[in-house]
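Reproduced below: protein.cif, with mmCIF, C-alpha atoms.
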```
data_upload
loop_
_atom_site.label_atom_id
_atom_site.label_comp_id
_atom_site.auth_asym_id
_atom_site.auth_seq_id
_atom_site.Cartn_x
_atom_site.Cartn_y
_atom_site.Cartn_z
CA MET A 20 0.15 -9.46 10.97
CA ARG A 21 -1.38 -7.51 8.08
CA VAL A 22 -0.31 -3.94 7.34
CA TYR A 23 -1.85 -1.41 4.98
CA VAL A 24 0.47 1.38 3.73
CA GLU A 25 -0.51 4.58 1.98
CA GLY A 26 1.83 7.39 0.93
CA TYR A 27 1.62 11.01 -0.17
CA GLY A 28 3.90 13.71 -1.55
CA CYS A 29 6.87 13.96 -3.88
CA VAL A 30 8.70 11.28 -5.89
CA LEU A 31 11.22 10.95 -3.03
CA ASN A 32 8.36 10.19 -0.65
CA THR A 33 6.88 7.74 -3.16
CA ALA A 34 10.21 5.89 -3.08
CA ASP A 35 10.11 5.92 0.74
CA THR A 36 6.60 4.43 0.69
CA GLU A 37 7.87 1.52 -1.43
CA ILE A 38 10.91 1.14 0.84
CA ILE A 39 8.61 0.96 3.90
CA LYS A 40 6.50 -1.77 2.25
CA ASN A 41 9.52 -3.87 1.29
CA SER A 42 11.06 -3.47 4.75
CA LEU A 43 7.82 -4.70 6.33
CA LYS A 44 7.76 -7.77 4.05
CA LYS A 45 11.36 -8.58 4.95
CA HIS A 46 10.42 -8.63 8.65
CA GLY A 47 7.49 -11.01 8.21
CA PHE A 48 4.55 -8.61 7.87
CA GLU A 49 1.90 -9.14 5.21
CA VAL A 50 1.37 -5.93 3.22
CA VAL A 51 -2.25 -5.70 2.05
CA ASN A 52 -3.87 -3.35 -0.47
CA ASN A 53 -7.25 -3.37 1.26
CA LEU A 54 -7.52 -1.24 4.39
CA GLU A 55 -10.37 -3.36 5.76
CA GLU A 56 -8.13 -6.44 5.91
CA ALA A 57 -5.37 -4.65 7.85
CA ASP A 58 -4.53 -4.79 11.56
CA ILE A 59 -2.19 -1.78 11.26
CA ALA A 60 -2.30 1.24 8.93
CA ILE A 61 0.89 3.17 8.10
CA ILE A 62 0.52 6.62 6.55
CA ASN A 63 3.66 8.07 4.94
CA THR A 64 3.00 11.79 5.24
CA CYS A 65 3.87 14.98 3.37
CA VAL A 66 4.01 18.36 5.07
CA VAL A 67 5.20 20.77 2.36
CA ARG A 68 2.11 23.01 2.58
CA LEU A 69 -0.41 23.86 5.30
CA GLU A 70 -3.32 22.39 3.31
CA THR A 71 -1.34 19.17 2.92
CA GLU A 72 -0.62 19.02 6.65
CA ASN A 73 -4.33 19.51 7.44
CA ARG A 74 -5.23 16.76 4.97
CA MET A 75 -2.70 14.42 6.60
CA ILE A 76 -4.07 15.05 10.10
CA TYR A 77 -7.64 14.55 8.87
CA ARG A 78 -6.64 11.24 7.26
CA ILE A 79 -4.76 10.06 10.38
CA ASN A 80 -7.86 10.68 12.50
CA GLU A 81 -10.04 9.00 9.88
CA LEU A 82 -7.87 5.84 10.04
CA LYS A 83 -7.89 5.95 13.84
CA ASN A 84 -11.70 6.28 13.92
CA LEU A 85 -11.94 3.13 11.79
CA GLY A 86 -10.42 1.34 14.78
CA LYS A 87 -7.03 0.80 13.18
CA GLU A 88 -3.67 0.95 14.92
CA VAL A 89 -2.09 3.91 13.09
CA VAL A 90 1.63 4.49 12.49
CA VAL A 91 2.64 7.96 11.23
CA ALA A 92 5.67 7.94 8.93
CA GLY A 93 7.39 10.56 6.79
CA CYS A 94 7.85 14.30 7.07
CA LEU A 95 5.00 15.21 9.45
CA PRO A 96 6.29 13.50 12.63
CA LYS A 97 9.82 14.78 11.99
CA ALA A 98 8.84 18.40 11.34
CA LEU A 99 5.81 18.75 13.62
CA LYS A 100 6.02 16.00 16.25
CA ASN A 101 3.48 17.64 18.58
CA LYS A 102 0.77 17.43 15.91
CA VAL A 103 0.89 13.61 15.99
CA LYS A 104 1.49 12.78 19.63
CA GLY A 105 0.45 9.34 20.82
CA PHE A 106 1.26 7.54 17.55
CA LEU A 107 4.26 5.41 16.66
CA HIS A 108 6.51 7.49 14.37
CA ILE A 109 8.79 6.41 11.53
CA TYR A 110 10.98 9.26 10.27
CA PRO A 111 12.06 9.76 6.62
CA ARG A 112 15.60 8.50 7.28
CA GLU A 113 14.21 5.33 8.86
CA ALA A 114 11.99 4.16 5.98
CA HIS A 115 14.21 1.09 5.42
CA LYS A 116 14.00 0.26 9.13
CA ALA A 117 10.17 0.32 9.19
CA GLY A 118 9.87 -3.48 9.51
CA GLU A 119 12.35 -3.66 12.37
CA ILE A 120 10.76 -0.68 14.19
CA LEU A 121 7.25 -2.11 13.88
CA LYS A 122 8.32 -5.63 14.88
CA ASN A 123 9.99 -4.30 18.05
CA TYR A 124 6.95 -2.20 18.82
CA VAL A 125 4.45 -5.04 18.33
CA GLU A 126 6.45 -7.74 20.11
CA LYS A 127 8.24 -5.79 22.84
CA HIS A 128 6.14 -2.60 23.09
CA TYR A 129 9.41 -0.79 22.54
CA ARG A 130 10.30 2.05 20.12
CA MET A 131 13.85 1.67 18.82
CA PRO A 132 15.87 4.82 19.62
CA TYR A 133 16.34 7.29 16.78
CA ILE A 134 20.08 8.02 16.71
CA GLU A 135 20.55 10.20 13.64
CA GLU A 136 24.34 9.91 13.59
CA ASP A 137 24.16 6.10 13.36
CA ILE A 138 21.37 6.18 10.78
CA ASN A 139 23.23 8.66 8.53
CA LYS A 140 26.26 6.34 8.27
CA THR A 141 24.24 3.63 6.51
CA LEU A 142 21.48 5.67 4.91
CA TYR A 143 22.40 4.30 1.45
CA LYS A 144 20.96 0.96 2.61
CA LYS A 145 17.57 2.42 1.71
CA LEU A 146 18.51 1.46 -1.87
CA ASP A 147 18.41 -2.24 -0.92
CA TYR A 148 14.66 -1.97 -0.43
CA LEU A 149 13.83 -0.66 -3.92
CA LYS A 150 12.20 -3.13 -6.30
CA PRO A 151 11.96 -2.73 -10.10
CA SER A 152 8.87 -1.56 -11.93
CA LEU A 153 8.51 -0.02 -15.41
CA ILE A 154 9.08 3.43 -13.88
CA THR A 155 11.21 3.24 -10.74
CA PRO A 156 12.17 6.13 -8.45
CA LEU A 157 15.89 6.08 -7.63
CA PRO A 158 16.83 8.30 -4.65
CA ILE A 159 20.43 9.56 -4.77
CA CYS A 160 20.66 11.56 -1.55
CA GLU A 161 18.71 12.71 1.48
CA GLY A 162 18.31 16.31 2.71
CA CYS A 163 19.78 19.42 1.11
CA ILE A 164 22.27 22.26 1.59
CA GLY A 165 19.71 25.05 1.14
CA ASN A 166 18.28 27.29 3.81
CA CYS A 167 15.15 28.68 2.15
CA SER A 168 13.23 30.88 4.58
CA TYR A 169 9.82 29.29 3.80
CA CYS A 170 10.76 25.61 3.68
CA ILE A 171 9.61 23.10 6.29
CA VAL A 172 11.00 20.14 4.32
CA LYS A 173 14.53 21.05 5.47
CA ILE A 174 13.31 20.60 9.07
CA ALA A 175 11.81 17.23 8.10
CA ARG A 176 14.64 15.82 5.97
CA GLY A 177 17.71 17.61 7.35
CA GLY A 178 21.13 18.32 5.85
CA LEU A 179 22.66 16.62 2.84
CA ILE A 180 23.73 12.96 2.95
CA SER A 181 24.68 11.68 -0.52
CA TYR A 182 24.66 7.96 -1.26
CA PRO A 183 27.97 6.59 -2.63
CA ARG A 184 27.98 6.71 -6.44
CA GLU A 185 28.96 3.04 -6.69
CA LYS A 186 25.89 1.98 -4.63
CA ILE A 187 23.52 4.02 -6.82
CA VAL A 188 25.03 2.71 -10.08
CA ASN A 189 24.87 -0.91 -8.88
CA LYS A 190 21.24 -0.45 -7.86
CA ALA A 191 20.40 1.14 -11.21
CA LYS A 192 22.01 -1.81 -13.06
CA GLU A 193 19.96 -4.25 -11.00
CA LEU A 194 16.70 -2.34 -11.66
CA ILE A 195 17.35 -2.09 -15.41
CA ASN A 196 18.36 -5.77 -15.69
CA LYS A 197 15.07 -6.66 -14.00
CA GLY A 198 12.90 -4.65 -16.39
CA ALA A 199 12.90 -0.99 -15.34
CA LYS A 200 12.74 1.24 -18.43
CA CYS A 201 12.60 4.62 -16.73
CA LEU A 202 14.54 5.76 -13.66
CA LEU A 203 13.27 8.82 -11.83
CA ILE A 204 16.48 10.26 -10.36
CA THR A 205 15.14 11.84 -7.21
CA ALA A 206 16.21 13.89 -4.19
CA GLN A 207 15.13 17.01 -2.36
CA ASP A 208 17.62 18.76 -4.67
CA THR A 209 19.39 16.54 -7.22
CA ALA A 210 21.83 19.35 -8.13
CA CYS A 211 23.61 19.24 -4.75
CA TYR A 212 24.25 15.49 -5.00
CA GLY A 213 27.78 14.63 -3.96
CA PHE A 214 28.77 18.06 -2.63
CA ASP A 215 29.34 16.44 0.79
CA ILE A 216 31.47 13.56 -0.54
CA GLY A 217 33.57 15.21 -3.25
CA ASP A 218 31.30 14.10 -6.12
CA ASN A 219 28.58 15.68 -8.26
CA LEU A 220 25.44 14.93 -10.26
CA ALA A 221 27.13 15.13 -13.68
CA ASN A 222 29.64 12.44 -12.68
CA LEU A 223 26.83 10.21 -11.43
CA LEU A 224 24.70 10.66 -14.56
CA ASN A 225 27.73 9.99 -16.77
CA GLU A 226 28.27 6.66 -15.09
CA LEU A 227 24.57 5.78 -15.19
CA THR A 228 24.51 6.37 -18.97
CA GLN A 229 27.19 3.67 -19.37
CA ILE A 230 24.76 0.99 -18.13
CA LYS A 231 23.82 -1.41 -20.93
CA GLY A 232 20.20 -1.67 -22.02
CA GLU A 233 17.50 0.60 -23.41
CA PHE A 234 16.20 2.94 -20.73
CA ILE A 235 15.70 6.62 -19.98
CA MET A 236 16.28 8.75 -16.87
CA ARG A 237 14.32 11.74 -15.66
CA VAL A 238 16.39 13.99 -13.42
CA GLY A 239 14.30 15.46 -10.60
CA MET A 240 14.18 18.96 -9.17
CA MET A 241 17.39 21.00 -9.10
CA HIS A 242 18.19 24.15 -7.15
CA ALA A 243 19.50 26.79 -9.56
CA LYS A 244 22.40 27.96 -7.36
CA ASN A 245 23.73 24.38 -7.20
CA ALA A 246 23.06 23.54 -10.85
CA GLU A 247 25.07 26.65 -11.83
CA LEU A 248 28.19 25.23 -10.12
CA ILE A 249 28.26 22.18 -12.44
CA LEU A 250 26.43 23.68 -15.43
CA ASP A 251 28.83 22.82 -18.28
CA GLU A 252 29.29 19.17 -17.20
CA LEU A 253 25.55 18.84 -16.58
CA ILE A 254 24.57 20.11 -20.04
CA GLU A 255 27.14 17.81 -21.62
CA VAL A 256 25.69 14.68 -19.98
CA TYR A 257 22.14 15.85 -20.85
CA GLN A 258 23.10 15.37 -24.50
CA ASN A 259 23.21 11.61 -23.92
CA GLU A 260 20.06 9.91 -25.23
CA LYS A 261 19.57 8.07 -21.92
CA VAL A 262 19.07 11.36 -20.09
CA GLY A 263 15.56 12.75 -20.67
CA LYS A 264 15.44 16.32 -21.96
CA PHE A 265 13.57 17.47 -18.88
CA LEU A 266 14.66 20.27 -16.56
CA HIS A 267 12.79 20.96 -13.31
CA LEU A 268 14.30 24.20 -12.04
CA PRO A 269 12.15 26.14 -9.54
CA LEU A 270 12.24 29.93 -9.95
CA GLN A 271 9.85 30.63 -6.99
CA SER A 272 9.78 34.40 -7.72
CA GLY A 273 10.71 36.66 -10.61
CA ASP A 274 11.75 39.48 -8.29
CA ASP A 275 15.26 39.81 -6.85
CA GLU A 276 14.13 41.33 -3.56
CA ILE A 277 11.68 38.48 -2.90
CA LEU A 278 14.31 35.90 -3.90
CA LYS A 279 16.64 37.48 -1.35
CA ARG A 280 14.00 37.23 1.38
CA MET A 281 13.33 33.64 0.35
CA LYS A 282 17.09 32.99 0.73
CA ARG A 283 17.24 31.33 -2.67
CA GLY A 284 20.83 32.35 -3.38
CA TYR A 285 20.46 33.46 -7.03
CA THR A 286 19.16 36.47 -8.96
CA VAL A 287 16.55 36.46 -11.73
CA ASP A 288 19.28 37.10 -14.35
CA GLU A 289 21.40 34.20 -13.07
CA PHE A 290 18.36 31.93 -13.26
CA LYS A 291 17.56 33.05 -16.82
CA ASP A 292 21.17 32.40 -17.89
CA ILE A 293 20.95 28.76 -16.72
CA VAL A 294 17.68 28.12 -18.58
CA ASN A 295 18.89 29.85 -21.74
CA GLU A 296 22.17 27.91 -21.71
CA PHE A 297 20.27 24.62 -21.38
CA ARG A 298 17.91 25.58 -24.19
CA ARG A 299 20.75 26.66 -26.45
CA LYS A 300 22.42 23.25 -26.23
CA ILE A 301 19.57 20.79 -25.57
CA LYS A 302 17.01 20.39 -28.36
CA ASN A 303 13.34 20.01 -27.34
CA LEU A 304 14.08 20.80 -23.67
CA CYS A 305 11.00 20.54 -21.47
CA PHE A 306 11.53 23.19 -18.80
CA THR A 307 9.24 23.13 -15.78
CA THR A 308 9.37 25.48 -12.82
CA ASP A 309 7.74 26.27 -9.46
CA ILE A 310 6.31 29.62 -8.38
CA ILE A 311 5.14 30.79 -4.95
CA VAL A 312 2.69 33.71 -5.04
CA GLY A 313 1.87 35.89 -2.04
CA PHE A 314 5.18 35.43 -0.22
CA PRO A 315 5.31 37.75 2.84
CA GLY A 316 5.79 41.34 1.67
CA GLU A 317 5.27 40.61 -2.06
CA THR A 318 3.92 43.81 -3.64
CA GLU A 319 1.72 43.96 -6.73
CA GLU A 320 4.72 45.20 -8.71
CA GLN A 321 6.85 42.27 -7.53
CA PHE A 322 4.11 39.84 -8.52
CA GLN A 323 3.95 41.47 -11.97
CA ASN A 324 7.75 41.07 -12.24
CA THR A 325 7.26 37.31 -11.75
CA LEU A 326 4.61 37.17 -14.50
CA GLU A 327 6.92 39.13 -16.79
CA VAL A 328 9.80 36.67 -16.28
CA LEU A 329 7.47 33.74 -16.93
CA ARG A 330 6.22 35.33 -20.17
CA GLU A 331 9.84 35.72 -21.22
CA LEU A 332 11.02 32.21 -20.25
CA LYS A 333 7.77 30.44 -21.26
CA PRO A 334 8.11 27.29 -19.11
CA ASP A 335 6.45 24.15 -20.46
CA TYR A 336 4.79 23.66 -17.11
CA ILE A 337 4.47 25.80 -13.96
CA HIS A 338 3.75 24.32 -10.53
CA GLY A 339 1.99 27.31 -8.96
CA ALA A 340 1.35 27.55 -5.22
CA LYS A 341 -0.08 30.15 -2.86
CA TYR A 342 2.46 30.90 -0.11
CA SER A 343 1.77 28.67 2.88
CA GLN A 344 2.87 29.71 6.37
CA ARG A 345 4.89 26.86 7.88
CA LYS A 346 5.61 26.68 11.59
CA GLY A 347 9.29 26.84 12.54
CA THR A 348 10.36 28.64 9.35
CA GLU A 349 11.77 32.15 9.12
CA ALA A 350 9.09 33.34 6.69
CA ALA A 351 6.33 32.37 9.15
CA LYS A 352 7.48 35.25 11.39
CA MET A 353 7.30 37.80 8.57
CA LYS A 354 4.26 40.02 7.94
CA GLN A 355 1.80 37.86 6.00
CA ILE A 356 -0.21 38.84 2.94
CA ASP A 357 -4.00 38.72 2.98
CA THR A 358 -5.34 35.34 1.80
CA LYS A 359 -7.68 37.04 -0.72
CA ILE A 360 -4.68 38.65 -2.43
CA ARG A 361 -2.86 35.29 -2.50
CA LYS A 362 -5.93 33.63 -4.01
CA ARG A 363 -6.32 36.30 -6.72
CA ARG A 364 -2.63 36.08 -7.66
CA SER A 365 -2.85 32.32 -7.79
CA GLU A 366 -5.78 32.53 -10.23
CA ILE A 367 -3.86 34.95 -12.49
CA LEU A 368 -0.83 32.63 -12.43
CA ASP A 369 -3.00 29.61 -13.26
CA LYS A 370 -4.41 31.35 -16.34
CA LEU A 371 -0.89 32.21 -17.54
CA ARG A 372 0.52 28.72 -16.91
CA ARG A 373 -2.27 27.20 -19.03
CA GLU A 374 -1.58 29.63 -21.88
CA LEU A 375 2.15 28.94 -21.81
CA SER A 376 1.75 25.16 -21.59
CA TYR A 377 -0.54 25.13 -24.62
CA LEU A 378 1.79 27.46 -26.54
CA ASN A 379 4.73 25.12 -25.89
CA ASN A 380 2.83 21.95 -26.74
CA LYS A 381 1.65 23.34 -30.10
CA LYS A 382 5.30 23.53 -31.22
CA TYR A 383 5.48 19.72 -31.25
CA ILE A 384 2.72 19.18 -33.83
CA GLY A 385 4.24 17.42 -36.84
CA LYS A 386 7.36 16.27 -34.97
CA ALA A 387 8.36 12.61 -34.61
CA MET A 388 9.40 11.73 -31.04
CA LYS A 389 10.76 8.70 -29.24
CA VAL A 390 8.18 7.50 -26.72
CA LEU A 391 8.15 4.98 -23.88
CA VAL A 392 4.81 3.14 -23.89
CA LEU A 393 3.43 3.29 -20.32
CA ASP A 394 0.05 1.66 -20.71
CA GLU A 395 -2.61 1.26 -23.35
CA GLY A 396 -2.82 4.47 -25.34
CA LYS A 397 -0.32 6.52 -23.33
CA GLY A 398 3.41 7.19 -23.11
CA TYR A 399 6.23 9.53 -22.16
CA THR A 400 8.16 11.38 -24.85
CA ASP A 401 11.94 11.62 -24.42
CA ASN A 402 11.42 15.02 -22.76
CA PHE A 403 8.71 13.63 -20.47
CA LYS A 404 5.60 15.07 -22.00
CA VAL A 405 2.55 12.83 -21.82
CA VAL A 406 1.35 11.71 -25.25
CA LYS A 407 -1.78 9.72 -26.09
CA PHE A 408 -1.80 7.36 -29.07
CA GLU A 409 -3.06 3.93 -30.11
CA GLY A 410 -0.94 0.77 -30.21
CA GLY A 411 2.43 -0.31 -28.87
CA GLU A 412 3.36 -2.76 -26.11
CA VAL A 413 3.92 -1.56 -22.54
CA GLY A 414 7.65 -1.01 -21.94
CA GLU A 415 8.56 -0.55 -25.61
CA PHE A 416 10.27 2.52 -27.03
CA ARG A 417 8.48 3.60 -30.21
CA LYS A 418 8.42 6.53 -32.62
CA VAL A 419 5.26 8.65 -32.45
CA LYS A 420 4.31 11.53 -34.73
CA ILE A 421 2.59 14.34 -32.81
CA THR A 422 -0.72 15.22 -34.43
CA ASP A 423 -2.39 17.49 -31.87
CA ALA A 424 -1.69 19.44 -28.68
CA LYS A 425 -3.73 19.96 -25.54
CA THR A 426 -3.00 22.27 -22.60
CA PHE A 427 -1.18 19.61 -20.59
CA GLY A 428 -0.46 16.85 -23.11
CA LEU A 429 -0.01 15.73 -26.69
CA LYS A 430 -1.79 13.41 -29.13
CA GLY A 431 -0.02 11.33 -31.72
CA GLU A 432 0.13 8.24 -33.91
CA LEU A 433 2.65 5.43 -34.08
CA ILE A 434 4.97 5.60 -37.06
CA LEU A 435 7.57 3.01 -36.03
#
```
How does this structure look as structure tokens?
Amino acid sequence: MRVYVEGYGCVLNTADTEIIKNSLKKHGFEVVNNLEEADIAIINTCVVRLETENRMIYRINELKNLGKEVVVAGCLPKALKNKVKGFLHIYPREAHKAGEILKNYVEKHYRMPYIEEDINKTLYKKLDYLKPSLITPLPICEGCIGNCSYCIVKIARGGLISYPREKIVNKAKELINKGAKCLLITAQDTACYGFDIGDNLANLLNELTQIKGEFIMRVGMMHAKNAELILDELIEVYQNEKVGKFLHLPLQSGDDEILKRMKRGYTVDEFKDIVNEFRRKIKNLCFTTDIIVGFPGETEEQFQNTLEVLRELKPDYIHGAKYSQRKGTEAAKMKQIDTKIRKRRSEILDKLRRELSYLNNKKYIGKAMKVLVLDEGKGYTDNFKVVKFEGGEVGEFRKVKITDAKTFGLKGELIL
């Protein structure tokens, strides 16, 4: 039986999409790239924002109207089951069981029971279904320990379950030995890794840097309140050349009152201290952040406070988003801000993020940087900026001199 799989969302979800495909293959299904050839279509969904949810539901109906048997996987069926009634569901923690679930369903018309307690005990087995590619996502845990008042992902992915360090390190060795040159260390919040099993992210990264071979790691999004708990050890391991000089630390708001209502667990000053400490000790740090504008009750003054903090911190990149009301979250019950105000604030933020990105990129002109060649004419610098240049073989690490800067990228020429 032929199955077509498409996935959306974050790096963690991208990993889950690959895990689903490899699980299907293991259980005798043929995974096809062409939808027209497929008997069954699996859509691995994202639900982080309302627009995303609407897009997912539109796509599900589109696949159904093409006469395909549709299976809905990922965050949507877990967070908002009623929105996708009548379809077979595969939840995020079952990605590695996709083949078994589908086989049972096709042959016996039976949906395996979802017993979370049993699944959580062997969740690390997801790692068995990851295959190497030049850039390979490497999940290290599932869920988080946060309780942000706006977040639907917590409903979808649940509380923290960290994979044993030994399992992650062994998987990383296997991936690197088979040709992976870049590992995307991913989780809902990488900074809380190990808090449930007496371990932490710095310990894990330290061990990963001991793996032989030439490769680089990009550490995914960290929650500031958790990063602060292991800050010294984290900065120390960031000095290793195998750890990319890339910090994704979402601020969300530059106003303490809004942060409190968001239940973020840190103040603006505490956040600034973390970024400044990283910058003081890590040369060429690429700092990216996330901002939500128009959170319930955000005044004009509070929005201006956010812009002020951003002008001070000057992130290399800002993921800006208009607040999106998500069913089942605390913030959804708060008094909402007019959509026109959200839109206007989003436009102001977008203008600022472009200015700051360009300002940061200009600083690299004239510098020589180590670059991983991704494909013809493009690569990642060691702080994960995209640089365009001519020459080099895919998978090589080369030296590139930066000759020009664009808003969201660099240009350069090979020097070594």
Which residues of stretch 196-229 of chain A have any atom within 10 Å of an atom in stretch 405-429 of chain A when counting all atoms listed in the file, and what is the closest pair of atoms for each, with the distance in Å to one decimal? Order the rows by chain and rising number and write it as a Markdown table.
```
| residue | atom | partner | partner_atom | distance |
| --- | --- | --- | --- | --- |
| A:Gly198 | CA | A:Gly414 | CA | 8.5 |
| A:Ala199 | CA | A:Gly414 | CA | 8.4 |
| A:Lys200 | CA | A:Gly414 | CA | 6.6 |
| A:Cys201 | CA | A:Gly414 | CA | 9.1 |
```
Item to check | Near-A:Glu366 list (12 Å; only C-alpha atoms; drop same-chain fewer than 5 positions) as a list in words | outcome: Val312, Gly313, Gly339, Ala340, Lys341, Lys359, Ile360, Arg361, Leu371, Arg372 and Arg373 of chain A
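Residues in contact with stretch 128-145 of chain A at up to 7 Å, not including ones fewer than 3 positions away on its chain and judged by only C-alpha atoms, are A:Ile38, A:Arg112, A:His115, A:Ile120, A:Asn123, A:Tyr124, A:Val125, A:Tyr148, A:Tyr182.
Reported to one decimal place, the separation of atom CA of A:Ile76 from atom CA of A:Ala175 is 16.2 Å.
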Fill in: Radius query 12 Å about (32.6, 14.7, -11.8), atoms used: only C-alpha atoms, as a count of residues only
23
Once the PyMOL selection byres ((chain A and resi 30) around 9) is applied to the coordinates I shared, what remains selected? I want it as a ChimeraX atom specification. /A:28-29,31-35,156,158,203,205-206,239
- Task: List the neighbours of stretch 314-328 of chain A out to 7 Å using only C-alpha atoms; skip same-chain residues closer than 5 positions along the sequence, and give me the result as a ChimeraX atom specification.
- Result: /A:272-274,277,342,350,353-356
request  = Compile the contact shell of stretch 279-295 of chain A as a PyMOL selection string: residues with an atom at most 9 Å away, counting only C-alpha atoms, same-chain residues fewer than 4 positions apart removed.
outcome  = chain A and resi 165-169+242-244+246-247+250+266+268+270-275+299-300+306+314-315+328+332+350
Take the residues that were just selected and, keeping C-alpha atoms, output them as an mmCIF file, keeping the file's coordinate frame.
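Dumped to again38.cif:
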```
data_model
loop_
_atom_site.group_PDB
_atom_site.id
_atom_site.type_symbol
_atom_site.label_atom_id
_atom_site.label_comp_id
_atom_site.auth_asym_id
_atom_site.auth_seq_id
_atom_site.Cartn_x
_atom_site.Cartn_y
_atom_site.Cartn_z
ATOM 1 C CA GLY A 165 19.710 25.050 1.140
ATOM 2 C CA ASN A 166 18.280 27.290 3.810
ATOM 3 C CA CYS A 167 15.150 28.680 2.150
ATOM 4 C CA SER A 168 13.230 30.880 4.580
ATOM 5 C CA TYR A 169 9.820 29.290 3.800
ATOM 6 C CA HIS A 242 18.190 24.150 -7.150
ATOM 7 C CA ALA A 243 19.500 26.790 -9.560
ATOM 8 C CA LYS A 244 22.400 27.960 -7.360
ATOM 9 C CA ALA A 246 23.060 23.540 -10.850
ATOM 10 C CA GLU A 247 25.070 26.650 -11.830
ATOM 11 C CA LEU A 250 26.430 23.680 -15.430
ATOM 12 C CA LEU A 266 14.660 20.270 -16.560
ATOM 13 C CA LEU A 268 14.300 24.200 -12.040
ATOM 14 C CA LEU A 270 12.240 29.930 -9.950
ATOM 15 C CA GLN A 271 9.850 30.630 -6.990
ATOM 16 C CA SER A 272 9.780 34.400 -7.720
ATOM 17 C CA GLY A 273 10.710 36.660 -10.610
ATOM 18 C CA ASP A 274 11.750 39.480 -8.290
ATOM 19 C CA ASP A 275 15.260 39.810 -6.850
ATOM 20 C CA ARG A 299 20.750 26.660 -26.450
ATOM 21 C CA LYS A 300 22.420 23.250 -26.230
ATOM 22 C CA PHE A 306 11.530 23.190 -18.800
ATOM 23 C CA PHE A 314 5.180 35.430 -0.220
ATOM 24 C CA PRO A 315 5.310 37.750 2.840
ATOM 25 C CA VAL A 328 9.800 36.670 -16.280
ATOM 26 C CA LEU A 332 11.020 32.210 -20.250
ATOM 27 C CA ALA A 350 9.090 33.340 6.690
#
```
If you measure from atom CA of A:Ile301 to atom CA of A:Phe265, what distance in Å do you get, rounded to one decimal?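 Pair atom CA of A:Ile301 / atom CA of A:Phe265 returns 9.6 Å.
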* To do: Using the chain letters and numbers from the file, give me the residues hit by the PyMOL selection byres ((chain A and resi 47) around 9), as a list of chain:residue names.
  => A:Met20, A:Leu43, A:Lys44, A:Lys45, A:His46, A:Phe48, A:Glu49, A:Gly118, A:Lys122
In Å, with one decimal, what is the gap from atom CA of A:Lys104 to atom CA of A:Ala92?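 These two atoms are separated by 12.5 Å.
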Using all atoms listed in the file, the residue out of A:Leu153, A:Ile62, A:Leu304, A:Ala210 with shortest distance to A:Gly93 is A:Ile62
- Message: I need the output of the PyMOL selection byres ((chain A and resi 52) around 8) for this file as JSON, numbers by chain; which residues are they?
- Response: {"A": [23, 24, 50, 51, 53, 54]}
